[in-house]
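Next comes model_2.pdb, with PDB, C-alpha atoms.
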MODEL        1
ATOM      1  CA  MET B   1       3.287 -13.999   2.512
ATOM      2  CA  SER B   2       4.463 -12.316   5.690
ATOM      3  CA  TYR B   3       6.934  -9.422   5.698
ATOM      4  CA  ASN B   4       7.247  -9.570   9.494
ATOM      5  CA  TRP B   5       6.352  -5.904   9.774
ATOM      6  CA  ILE B   6       4.374  -6.561  12.940
ATOM      7  CA  ASN B   7       4.106  -9.065  15.741
ATOM      8  CA  ALA B   8       0.453  -9.998  15.325
ATOM      9  CA  LYS B   9       0.219 -10.931  18.995
ATOM     10  CA  ASP B  10       0.311  -7.203  19.758
ATOM     11  CA  TYR B  11      -2.973  -6.610  17.881
ATOM     12  CA  THR B  12      -6.587  -7.762  17.922
ATOM     13  CA  MET B  13      -9.381  -8.020  15.372
ATOM     14  CA  ASN B  14     -10.463  -4.562  16.499
ATOM     15  CA  SER B  15      -7.837  -3.357  14.011
ATOM     16  CA  PHE B  16     -10.375  -4.200  11.290
ATOM     17  CA  LEU B  17     -12.490  -1.284  12.536
ATOM     18  CA  LEU B  18      -9.893   1.011  10.967
ATOM     19  CA  PHE B  19      -9.847  -0.698   7.561
ATOM     20  CA  ASP B  20     -11.288   0.938   4.450
ATOM     21  CA  ARG B  21     -13.967  -0.666   2.320
ATOM     22  CA  TRP B  22     -11.541  -1.657  -0.453
ATOM     23  CA  ALA B  23      -9.371  -3.493   2.092
ATOM     24  CA  LEU B  24     -12.357  -5.326   3.544
ATOM     25  CA  GLN B  25     -13.433  -6.314   0.038
ATOM     26  CA  TRP B  26     -10.053  -7.884  -0.587
ATOM     27  CA  ILE B  27      -9.988  -9.705   2.753
ATOM     28  CA  PHE B  28     -13.528 -11.069   2.565
ATOM     29  CA  THR B  29     -14.327 -11.444  -1.146
ATOM     30  CA  ASP B  30     -11.067 -12.111  -3.042
ATOM     31  CA  CYS B  31     -10.516 -15.868  -3.300
ATOM     32  CA  SER B  32      -6.835 -15.365  -4.160
ATOM     33  CA  VAL B  33      -6.223 -14.859  -0.450
ATOM     34  CA  TYR B  34      -6.556 -18.632  -0.007
ATOM     35  CA  ASP B  35      -3.504 -19.200  -2.206
ATOM     36  CA  TRP B  36      -1.040 -17.466   0.089
ATOM     37  CA  PHE B  37      -2.605 -17.918   3.516
ATOM     38  CA  PRO B  38      -0.185 -19.896   5.741
ATOM     39  CA  SER B  39      -0.471 -23.515   4.716
ATOM     40  CA  GLU B  40       0.637 -25.380   7.851
ATOM     41  CA  GLY B  41      -2.668 -27.185   8.097
ATOM     42  CA  ARG B  42      -4.608 -23.945   8.431
ATOM     43  CA  ASP B  43      -7.962 -23.185   6.821
ATOM     44  CA  TYR B  44      -8.673 -19.531   6.002
ATOM     45  CA  LYS B  45     -12.446 -19.644   6.530
ATOM     46  CA  LEU B  46     -12.180 -21.652   9.720
ATOM     47  CA  ASP B  47      -9.498 -19.345  11.116
ATOM     48  CA  MET B  48     -11.583 -16.311  10.195
ATOM     49  CA  ALA B  49     -14.602 -17.848  11.929
ATOM     50  CA  LYS B  50     -12.567 -18.445  15.089
ATOM     51  CA  ALA B  51     -10.948 -15.001  14.900
ATOM     52  CA  LEU B  52     -14.286 -13.182  14.615
ATOM     53  CA  PHE B  53     -16.200 -15.293  17.147
ATOM     54  CA  ARG B  54     -15.424 -12.924  20.046
ATOM     55  CA  TYR B  55     -15.859  -9.764  17.942
ATOM     56  CA  PRO B  56     -19.520  -9.419  16.881
ATOM     57  CA  HIS B  57     -19.027  -5.655  16.656
ATOM     58  CA  VAL B  58     -16.320  -6.198  14.016
ATOM     59  CA  VAL B  59     -18.700  -8.388  12.024
ATOM     60  CA  TRP B  60     -21.354  -5.652  12.310
ATOM     61  CA  TYR B  61     -18.860  -3.061  11.072
ATOM     62  CA  VAL B  62     -17.776  -5.134   8.070
ATOM     63  CA  ARG B  63     -21.369  -5.894   7.088
ATOM     64  CA  ASN B  64     -22.254  -2.210   7.114
ATOM     65  CA  LYS B  65     -19.017  -0.804   5.727
ATOM     66  CA  ALA B  66     -18.793  -3.369   2.905
ATOM     67  CA  PRO B  67     -22.151  -5.128   2.326
ATOM     68  CA  GLU B  68     -20.623  -7.189  -0.483
ATOM     69  CA  CYS B  69     -18.735  -9.128   2.213
ATOM     70  CA  ALA B  70     -21.976 -10.519   3.673
ATOM     71  CA  PRO B  71     -21.898 -13.903   1.852
ATOM     72  CA  PHE B  72     -18.459 -14.723   3.274
ATOM     73  CA  LEU B  73     -19.490 -13.567   6.743
ATOM     74  CA  ASP B  74     -22.630 -15.698   6.538
ATOM     75  CA  GLU B  75     -20.466 -18.727   5.795
ATOM     76  CA  VAL B  76     -18.031 -18.210   8.644
ATOM     77  CA  GLN B  77     -20.728 -17.354  11.157
ATOM     78  CA  ALA B  78     -22.549 -20.560  10.271
ATOM     79  CA  ILE B  79     -19.561 -22.615  11.509
ATOM     80  CA  PRO B  80     -20.352 -23.887  15.039
ATOM     81  CA  GLY B  81     -17.981 -22.343  17.550
ATOM     82  CA  GLU B  82     -19.331 -23.156  20.984
ATOM     83  CA  ASN B  83     -16.539 -25.609  21.732
ATOM     84  CA  TRP B  84     -13.601 -23.479  20.617
ATOM     85  CA  THR B  85     -11.129 -22.691  23.367
ATOM     86  CA  GLU B  86      -9.778 -19.214  24.072
ATOM     87  CA  GLU B  87      -6.344 -20.464  23.053
ATOM     88  CA  GLU B  88      -7.368 -21.724  19.623
ATOM     89  CA  MET B  89      -9.460 -18.615  18.912
ATOM     90  CA  ARG B  90      -6.514 -16.397  19.800
ATOM     91  CA  GLU B  91      -4.175 -18.542  17.676
ATOM     92  CA  ALA B  92      -6.518 -18.132  14.688
ATOM     93  CA  GLU B  93      -6.826 -14.403  15.342
ATOM     94  CA  THR B  94      -3.047 -14.061  15.309
ATOM     95  CA  ALA B  95      -2.793 -16.020  12.049
ATOM     96  CA  ILE B  96      -5.380 -13.794  10.356
ATOM     97  CA  LEU B  97      -3.748 -10.578  11.575
ATOM     98  CA  GLN B  98      -0.275 -11.724  10.512
ATOM     99  CA  ALA B  99      -1.585 -12.674   7.077
ATOM    100  CA  HIS B 100      -3.100  -9.213   6.684
ATOM    101  CA  GLU B 101      -0.236  -7.289   8.265
ATOM    102  CA  THR B 102      -0.075  -4.820   5.369
ATOM    103  CA  PHE B 103      -3.587  -3.619   6.178
ATOM    104  CA  VAL B 104      -2.730  -3.502   9.881
ATOM    105  CA  VAL B 105       0.219  -1.182   9.310
ATOM    106  CA  TYR B 106      -1.912   0.998   7.018
ATOM    107  CA  ALA B 107      -4.226   1.467   9.986
ATOM    108  CA  PHE B 108      -1.345   2.434  12.299
ATOM    109  CA  PRO B 109       0.838   4.912  10.342
ATOM    110  CA  LYS B 110       3.414   5.370  13.100
ATOM    111  CA  VAL B 111       4.041   1.634  12.929
ATOM    112  CA  MET B 112       4.226   1.832   9.147
ATOM    113  CA  GLU B 113       6.956   4.486   9.416
ATOM    114  CA  GLN B 114       9.165   1.839  11.025
ATOM    115  CA  VAL B 115       8.784  -0.923   8.420
ATOM    116  CA  ASN B 116      11.944  -1.940   6.594
ATOM    117  CA  TYR B 117      11.418  -0.092   3.309
ATOM    118  CA  ILE B 118      10.652   3.262   4.970
ATOM    119  CA  ARG B 119      12.648   3.609   8.175
ATOM    120  CA  ASN B 120      16.118   4.164   6.692
ATOM    121  CA  TRP B 121      15.252   5.273   3.164
ATOM    122  CA  ASP B 122      17.352   8.158   1.841
ATOM    123  CA  GLU B 123      15.544  10.749  -0.261
ATOM    124  CA  LYS B 124      18.655  11.232  -2.377
ATOM    125  CA  TYR B 125      17.514   8.230  -4.425
ATOM    126  CA  LEU B 126      14.431  10.152  -5.542
ATOM    127  CA  HIS B 127      16.315  13.322  -6.398
ATOM    128  CA  GLU B 128      18.882  11.344  -8.402
ATOM    129  CA  LEU B 129      16.095   9.995 -10.621
ATOM    130  CA  VAL B 130      14.386  13.222 -11.664
ATOM    131  CA  ASP B 131      14.660  17.000 -11.479
ATOM    132  CA  LEU B 132      11.677  18.114  -9.381
ATOM    133  CA  LYS B 133      12.453  21.819  -9.227
ATOM    134  CA  ASP B 134       9.236  23.831  -9.769
ATOM    135  CA  LYS B 135       7.428  20.736 -11.045
ATOM    136  CA  LEU B 136       3.808  19.722 -10.514
ATOM    137  CA  VAL B 137       4.055  16.226  -9.032
ATOM    138  CA  LEU B 138       1.692  13.382  -8.166
ATOM    139  CA  ASP B 139       2.665  10.655  -5.718
ATOM    140  CA  VAL B 140       0.485   7.564  -6.290
ATOM    141  CA  GLY B 141      -0.110   5.348  -3.257
ATOM    142  CA  SER B 142       1.593   7.873  -1.036
ATOM    143  CA  GLY B 143       1.360   5.900   2.210
ATOM    144  CA  THR B 144       2.862   7.945   5.026
ATOM    145  CA  GLY B 145       4.286  10.407   2.487
ATOM    146  CA  ARG B 146       7.822   9.060   2.045
ATOM    147  CA  LEU B 147       8.092  10.328  -1.538
ATOM    148  CA  ALA B 148       5.638  13.200  -1.327
ATOM    149  CA  PHE B 149       7.394  15.069   1.456
ATOM    150  CA  ALA B 150      10.818  14.473  -0.102
ATOM    151  CA  ALA B 151       9.559  15.848  -3.420
ATOM    152  CA  ALA B 152       7.955  18.863  -1.741
ATOM    153  CA  LYS B 153      11.381  20.224  -0.848
ATOM    154  CA  LYS B 154      11.934  21.047  -4.539
ATOM    155  CA  ALA B 155       8.616  20.765  -6.370
ATOM    156  CA  ARG B 156       6.159  23.601  -6.933
ATOM    157  CA  ARG B 157       3.308  21.454  -5.663
ATOM    158  CA  VAL B 158       2.840  17.801  -4.763
ATOM    159  CA  TYR B 159      -0.435  15.906  -4.737
ATOM    160  CA  ALA B 160      -0.361  12.817  -2.507
ATOM    161  CA  SER B 161      -2.912  10.280  -3.736
ATOM    162  CA  GLU B 162      -3.715   7.603  -1.148
ATOM    163  CA  PRO B 163      -6.734   5.248  -0.867
ATOM    164  CA  CYS B 164      -6.299   4.571   2.870
ATOM    165  CA  ASP B 165      -8.104   7.059   5.120
ATOM    166  CA  CYS B 166      -5.807   6.546   8.131
ATOM    167  CA  LEU B 167      -2.763   7.347   6.007
ATOM    168  CA  ARG B 168      -4.403  10.391   4.417
ATOM    169  CA  GLU B 169      -5.170  11.803   7.855
ATOM    170  CA  TYR B 170      -1.635  11.033   9.042
ATOM    171  CA  MET B 171      -0.184  13.051   6.161
ATOM    172  CA  ARG B 172      -2.627  15.899   6.761
ATOM    173  CA  ASP B 173      -1.600  16.016  10.417
ATOM    174  CA  ARG B 174       2.051  16.261   9.405
ATOM    175  CA  ILE B 175       1.300  19.014   6.898
ATOM    176  CA  LYS B 176      -0.455  21.006   9.607
ATOM    177  CA  ALA B 177       2.173  20.345  12.286
ATOM    178  CA  GLU B 178       5.086  21.297  10.030
ATOM    179  CA  GLY B 179       3.385  24.139   8.157
ATOM    180  CA  ILE B 180       3.951  22.527   4.759
ATOM    181  CA  SER B 181       2.220  24.636   2.137
ATOM    182  CA  ASN B 182       2.810  22.796  -1.139
ATOM    183  CA  VAL B 183       1.431  19.290  -0.442
ATOM    184  CA  ARG B 184      -2.216  18.362  -0.927
ATOM    185  CA  VAL B 185      -3.608  14.969   0.110
ATOM    186  CA  LEU B 186      -6.400  13.317  -1.867
ATOM    187  CA  ASP B 187      -8.113   9.952  -2.266
ATOM    188  CA  GLY B 188      -7.341   7.796  -5.300
ATOM    189  CA  GLU B 189      -5.915   4.454  -6.368
ATOM    190  CA  VAL B 190      -3.639   3.576  -9.239
ATOM    191  CA  LEU B 191      -6.190   2.065 -11.617
ATOM    192  CA  SER B 192      -8.599   5.001 -11.368
ATOM    193  CA  LEU B 193      -6.887   8.275 -10.596
ATOM    194  CA  PRO B 194      -9.210  11.308 -10.250
ATOM    195  CA  TYR B 195      -7.152  13.673 -12.401
ATOM    196  CA  GLU B 196      -7.461  15.074 -15.911
ATOM    197  CA  ASP B 197      -5.295  13.936 -18.801
ATOM    198  CA  ASP B 198      -1.866  15.612 -19.065
ATOM    199  CA  SER B 199      -1.986  17.108 -15.569
ATOM    200  CA  PHE B 200       1.452  16.456 -14.070
ATOM    201  CA  ASP B 201       5.115  16.991 -14.886
ATOM    202  CA  VAL B 202       6.092  13.966 -12.790
ATOM    203  CA  VAL B 203       4.044  11.004 -11.586
ATOM    204  CA  MET B 204       5.896   8.909  -9.038
ATOM    205  CA  SER B 205       5.218   5.879  -6.893
ATOM    206  CA  GLY B 206       6.924   3.169  -4.887
ATOM    207  CA  HIS B 207       5.729  -0.393  -4.311
ATOM    208  CA  VAL B 208       2.528   0.293  -6.264
ATOM    209  CA  ILE B 209       3.010  -0.831  -9.871
ATOM    210  CA  GLY B 210       3.045  -4.579 -10.395
ATOM    211  CA  ASP B 211      -0.353  -6.190 -10.020
ATOM    212  CA  HIS B 212      -1.663  -5.057 -13.421
ATOM    213  CA  TYR B 213       1.289  -3.555 -15.281
ATOM    214  CA  GLU B 214      -0.455  -2.624 -18.518
ATOM    215  CA  GLU B 215      -3.449  -0.943 -16.918
ATOM    216  CA  GLU B 216      -1.478   0.751 -14.143
ATOM    217  CA  ILE B 217       1.157   2.198 -16.463
ATOM    218  CA  ALA B 218      -1.531   3.325 -18.912
ATOM    219  CA  GLU B 219      -3.317   5.205 -16.140
ATOM    220  CA  ILE B 220      -0.262   7.022 -14.796
ATOM    221  CA  THR B 221       0.809   7.821 -18.366
ATOM    222  CA  ARG B 222      -2.616   9.295 -19.109
ATOM    223  CA  ILE B 223      -2.282  11.958 -16.430
ATOM    224  CA  THR B 224       1.358  12.801 -17.225
ATOM    225  CA  LYS B 225       2.223  15.636 -19.600
ATOM    226  CA  ASP B 226       4.082  14.982 -22.828
ATOM    227  CA  ALA B 227       7.820  14.904 -22.019
ATOM    228  CA  GLY B 228       6.969  14.395 -18.355
ATOM    229  CA  TRP B 229       8.380  11.597 -16.235
ATOM    230  CA  LEU B 230       7.128   8.379 -14.690
ATOM    231  CA  VAL B 231       9.223   7.512 -11.655
ATOM    232  CA  ILE B 232       9.190   4.360  -9.550
ATOM    233  CA  CYS B 233      11.315   4.944  -6.470
ATOM    234  CA  ASN B 234      11.178   1.986  -4.121
ATOM    235  CA  GLY B 235      12.056   1.941  -0.464
ATOM    236  CA  ASP B 236      15.092   0.253   1.025
ATOM    237  CA  ASP B 237      14.632  -3.269   2.360
ATOM    238  CA  GLU B 238      16.791  -6.348   2.925
ATOM    239  CA  THR B 239      15.838  -8.260  -0.239
ATOM    240  CA  ARG B 240      18.839  -8.892  -2.485
ATOM    241  CA  ARG B 241      17.247  -8.710  -5.938
ATOM    242  CA  THR B 242      19.315 -10.134  -8.778
ATOM    243  CA  ALA B 243      17.863  -8.181 -11.715
ATOM    244  CA  PRO B 244      15.511  -5.315 -12.541
ATOM    245  CA  ASP B 245      11.823  -5.967 -13.078
ATOM    246  CA  PRO B 246      11.576  -7.416 -16.619
ATOM    247  CA  GLU B 247       8.012  -6.122 -17.029
ATOM    248  CA  LEU B 248       9.149  -2.539 -16.457
ATOM    249  CA  VAL B 249      12.263  -2.935 -18.597
ATOM    250  CA  SER B 250      10.197  -4.332 -21.475
ATOM    251  CA  ARG B 251       7.984  -1.247 -21.276
ATOM    252  CA  GLY B 252      10.882   1.145 -21.717
ATOM    253  CA  PHE B 253      11.818   2.033 -18.135
ATOM    254  CA  GLU B 254      15.443   2.826 -17.353
ATOM    255  CA  TRP B 255      16.660   1.197 -14.163
ATOM    256  CA  PHE B 256      19.068   2.229 -11.422
ATOM    257  CA  ARG B 257      20.574  -0.088  -8.815
ATOM    258  CA  HIS B 258      21.912   0.524  -5.323
ATOM    259  CA  GLU B 259      22.593  -1.417  -2.129
ATOM    260  CA  SER B 260      20.425  -0.302   0.769
ATOM    261  CA  VAL B 261      21.447   0.234   4.367
ATOM    262  CA  GLU B 262      19.052  -2.621   5.157
ATOM    263  CA  GLY B 263      21.326  -4.893   3.103
ATOM    264  CA  GLY B 264      19.115  -5.313   0.059
ATOM    265  CA  ILE B 265      19.707  -4.704  -3.632
ATOM    266  CA  ILE B 266      17.196  -2.088  -4.764
ATOM    267  CA  TYR B 267      16.126  -1.148  -8.286
ATOM    268  CA  ASN B 268      14.480   2.153  -9.124
ATOM    269  CA  TYR B 269      13.026   3.155 -12.490
ATOM    270  CA  ARG B 270      12.116   6.103 -14.687
ATOM    271  CA  LYS B 271      10.610   6.675 -18.110
ATOM    272  CA  GLN B 272      10.014   9.844 -20.089
ATOM    273  CA  VAL B 273       6.544  10.100 -21.552
ATOM    274  CA  LYS B 274       6.398  10.743 -25.285
ATOM    275  CA  LYS B 275       2.824  11.221 -26.466
ATOM    276  CA  ASN B 276       3.377  12.989 -29.784
ATOM    277  CA  GLU B 277       5.566  10.459 -31.530
TER     278      GLU B 277
ENDMDL
END
Mind converting the file's structure to structure tokens?
Amino acid sequence: MSYNWINAKDYTMNSFLLFDRWALQWIFTDCSVYDWFPSEGRDYKLDMAKALFRYPHVVWYVRNKAPECAPFLDEVQAIPGENWTEEEMREAETAILQAHETFVVYAFPKVMEQVNYIRNWDEKYLHELVDLKDKLVLDVGSGTGRLAFAAAKKARRVYASEPCDCLREYMRDRIKAEGISNVRVLDGEVLSLPYEDDSFDVVMSGHVIGDHYEEEIAEITRITKDAGWLVICNGDDETRRTAPDPELVSRGFEWFRHESVEGGIIYNYRKQVKKNE
């Protein structure tokens, strides 16, 4: 599925040199990628072979950064490519980059700042969901810091947990440039957060929960204090949703609806944690 966040023709496979190991694992070892790769007669392995043919240094990087990707790389490198034209290799390269545009924008944070759900988001939607004054807050999957920096205006301290190195460094650069004293950036992903039980007053995220609801919600609940809050504050895009997420509603989340400046219908969510009942 493409969100049209980038024009893939503006990028090359050298972008992969900025990808983290977990991203490379997904691209080169997760078979589910075949299910959503563009289907207009395209073959994922063949396109990957063509895309990588002119980039042996990218193959070297992937093999060393994520050795578990070697079997896939062996397969694609075994495909004969001597007769491929520059045009068809570039076409395949563009298809691969467009398919993995989310990872591309993670590698280029300034580009990510301009994607639909970030560029015109209003922080009032976060502050309407929860009182952050003097709270200890965790932002899970912080990205470029959309929620973290908004929360920092009221919270005592905000921890921004982000598994992508390029995005962590982008946030750290902003913290230094703007002299922000109450935001700390750390590694971590939603299914395995490196924090003790009952650590935070508020755990928030946006566009993170949804692949493994039960496990993800259990993990963010674990690190939230009793009577603390789980907050899902999504960005503003153009998608006109017709109902709140039934998985979140069934798990006790309140929902709040608004129309975004991008033209979409957006649902945000919150739930108070009650551990002693």
From the options B:Tyr44, B:Tyr125, B:Phe19, B:Phe149, which residue's atoms come nearest to Asp236 in chain B, counting all atoms listed in the file?
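Closest residue, counting all atoms listed in the file: B:Tyr125.
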I'd like to see the residues matched by the PyMOL selection byres ((chain B and resi 170) around 12) on this file, and ideally I'd get them as JSON, numbers by chain.
{"B": [106, 107, 108, 109, 110, 111, 112, 113, 142, 143, 144, 145, 146, 160, 162, 164, 165, 166, 167, 168, 169, 171, 172, 173, 174, 175, 176, 177, 185]}
Please compute the CA of Phe37 in chain B-CA of Ser192 in chain B distance, one decimal, in Å.
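Pair CA of Phe37 in chain B / CA of Ser192 in chain B returns 28.0 Å.
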List the residues selected by the PyMOL selection byres ((chain B and resi 137) around 9) in the file shown, writing them as a CSV table (one decimal) with C-alpha atoms, in the coordinates of the input.
chain,number,residue,atom,x,y,z
B,132,LEU,CA,11.7,18.1,-9.4
B,135,LYS,CA,7.4,20.7,-11.0
B,136,LEU,CA,3.8,19.7,-10.5
B,138,LEU,CA,1.7,13.4,-8.2
B,139,ASP,CA,2.7,10.7,-5.7
B,148,ALA,CA,5.6,13.2,-1.3
B,151,ALA,CA,9.6,15.8,-3.4
B,152,ALA,CA,8.0,18.9,-1.7
B,155,ALA,CA,8.6,20.8,-6.4
B,156,ARG,CA,6.2,23.6,-6.9
B,157,ARG,CA,3.3,21.5,-5.7
B,158,VAL,CA,2.8,17.8,-4.8
B,159,TYR,CA,-0.4,15.9,-4.7
B,160,ALA,CA,-0.4,12.8,-2.5
B,199,SER,CA,-2.0,17.1,-15.6
B,200,PHE,CA,1.5,16.5,-14.1
B,201,ASP,CA,5.1,17.0,-14.9
B,202,VAL,CA,6.1,14.0,-12.8
B,203,VAL,CA,4.0,11.0,-11.6
B,204,MET,CA,5.9,8.9,-9.0
Pick the closest to Glu216 in chain B from B:Leu248, B:Val130, B:Ala243, B:Val58: which is it, counting all atoms listed in the file?
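Nearest to Glu216 in chain B: B:Leu248.
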Please work out which residues fall within 12 Å of (-5.9, 5.1, -9.8), coordinates as given in the file, with only C-alpha atoms counting, and return them as an mmCIF file with C-alpha atoms, in the coordinates of the input.
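See out.cif below for the written result:
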data_model
loop_
_atom_site.group_PDB
_atom_site.id
_atom_site.type_symbol
_atom_site.label_atom_id
_atom_site.label_comp_id
_atom_site.auth_asym_id
_atom_site.auth_seq_id
_atom_site.Cartn_x
_atom_site.Cartn_y
_atom_site.Cartn_z
ATOM 1 C CA LEU B 138 1.692 13.382 -8.166
ATOM 2 C CA ASP B 139 2.665 10.655 -5.718
ATOM 3 C CA VAL B 140 0.485 7.564 -6.290
ATOM 4 C CA GLY B 141 -0.110 5.348 -3.257
ATOM 5 C CA SER B 142 1.593 7.873 -1.036
ATOM 6 C CA ALA B 160 -0.361 12.817 -2.507
ATOM 7 C CA SER B 161 -2.912 10.280 -3.736
ATOM 8 C CA GLU B 162 -3.715 7.603 -1.148
ATOM 9 C CA PRO B 163 -6.734 5.248 -0.867
ATOM 10 C CA LEU B 186 -6.400 13.317 -1.867
ATOM 11 C CA ASP B 187 -8.113 9.952 -2.266
ATOM 12 C CA GLY B 188 -7.341 7.796 -5.300
ATOM 13 C CA GLU B 189 -5.915 4.454 -6.368
ATOM 14 C CA VAL B 190 -3.639 3.576 -9.239
ATOM 15 C CA LEU B 191 -6.190 2.065 -11.617
ATOM 16 C CA SER B 192 -8.599 5.001 -11.368
ATOM 17 C CA LEU B 193 -6.887 8.275 -10.596
ATOM 18 C CA PRO B 194 -9.210 11.308 -10.250
ATOM 19 C CA TYR B 195 -7.152 13.673 -12.401
ATOM 20 C CA GLU B 196 -7.461 15.074 -15.911
ATOM 21 C CA VAL B 203 4.044 11.004 -11.586
ATOM 22 C CA SER B 205 5.218 5.879 -6.893
ATOM 23 C CA VAL B 208 2.528 0.293 -6.264
ATOM 24 C CA ILE B 209 3.010 -0.831 -9.871
ATOM 25 C CA HIS B 212 -1.663 -5.057 -13.421
ATOM 26 C CA GLU B 215 -3.449 -0.943 -16.918
ATOM 27 C CA GLU B 216 -1.478 0.751 -14.143
ATOM 28 C CA ILE B 217 1.157 2.198 -16.463
ATOM 29 C CA ALA B 218 -1.531 3.325 -18.912
ATOM 30 C CA GLU B 219 -3.317 5.205 -16.140
ATOM 31 C CA ILE B 220 -0.262 7.022 -14.796
ATOM 32 C CA THR B 221 0.809 7.821 -18.366
ATOM 33 C CA ARG B 222 -2.616 9.295 -19.109
ATOM 34 C CA ILE B 223 -2.282 11.958 -16.430
#
Result set of the PyMOL selection byres ((chain B and resi 271) around 8) on the coordinates above, as a list of chain:residue names:
B:Trp229, B:Leu230, B:Val231, B:Gly252, B:Phe253, B:Glu254, B:Tyr269, B:Arg270, B:Gln272, B:Val273
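Using all atoms listed in the file, the shortest contact distance between Phe53 in chain B and any of B:Asn268, B:Leu18, B:Asp30, B:Glu93 is found at B:Glu93.
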Can you tell me how far CA of Arg42 in chain B sits from CA of Phe72 in chain B, in Å to one decimal?
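So the answer is 17.4 Å.
Across the structure, CA of Ile266 in chain B and CA of Val249 in chain B are spaced 14.7 Å apart.
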All residues 9 Å or closer to range 83-92 of chain B, all atoms listed in the file, same chain fewer than 5 positions away omitted, as a PDB file with C-alpha atoms, keeping the file's coordinate frame:
ATOM      1  CA  LYS B   9       0.219 -10.931  18.995  1.00  0.00           C
ATOM      2  CA  THR B  12      -6.587  -7.762  17.922  1.00  0.00           C
ATOM      3  CA  ARG B  42      -4.608 -23.945   8.431  1.00  0.00           C
ATOM      4  CA  LEU B  46     -12.180 -21.652   9.720  1.00  0.00           C
ATOM      5  CA  ASP B  47      -9.498 -19.345  11.116  1.00  0.00           C
ATOM      6  CA  MET B  48     -11.583 -16.311  10.195  1.00  0.00           C
ATOM      7  CA  ALA B  49     -14.602 -17.848  11.929  1.00  0.00           C
ATOM      8  CA  LYS B  50     -12.567 -18.445  15.089  1.00  0.00           C
ATOM      9  CA  ALA B  51     -10.948 -15.001  14.900  1.00  0.00           C
ATOM     10  CA  LEU B  52     -14.286 -13.182  14.615  1.00  0.00           C
ATOM     11  CA  PHE B  53     -16.200 -15.293  17.147  1.00  0.00           C
ATOM     12  CA  ARG B  54     -15.424 -12.924  20.046  1.00  0.00           C
ATOM     13  CA  LEU B  97      -3.748 -10.578  11.575  1.00  0.00           C
TER      14      LEU B  97
END
Using only C-alpha atoms: which of B:Glu247, B:Glu128, B:Asp211, B:Asp122 has the shortest distance to Val261 in chain B
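The closest residue to Val261 in chain B is B:Asp122.
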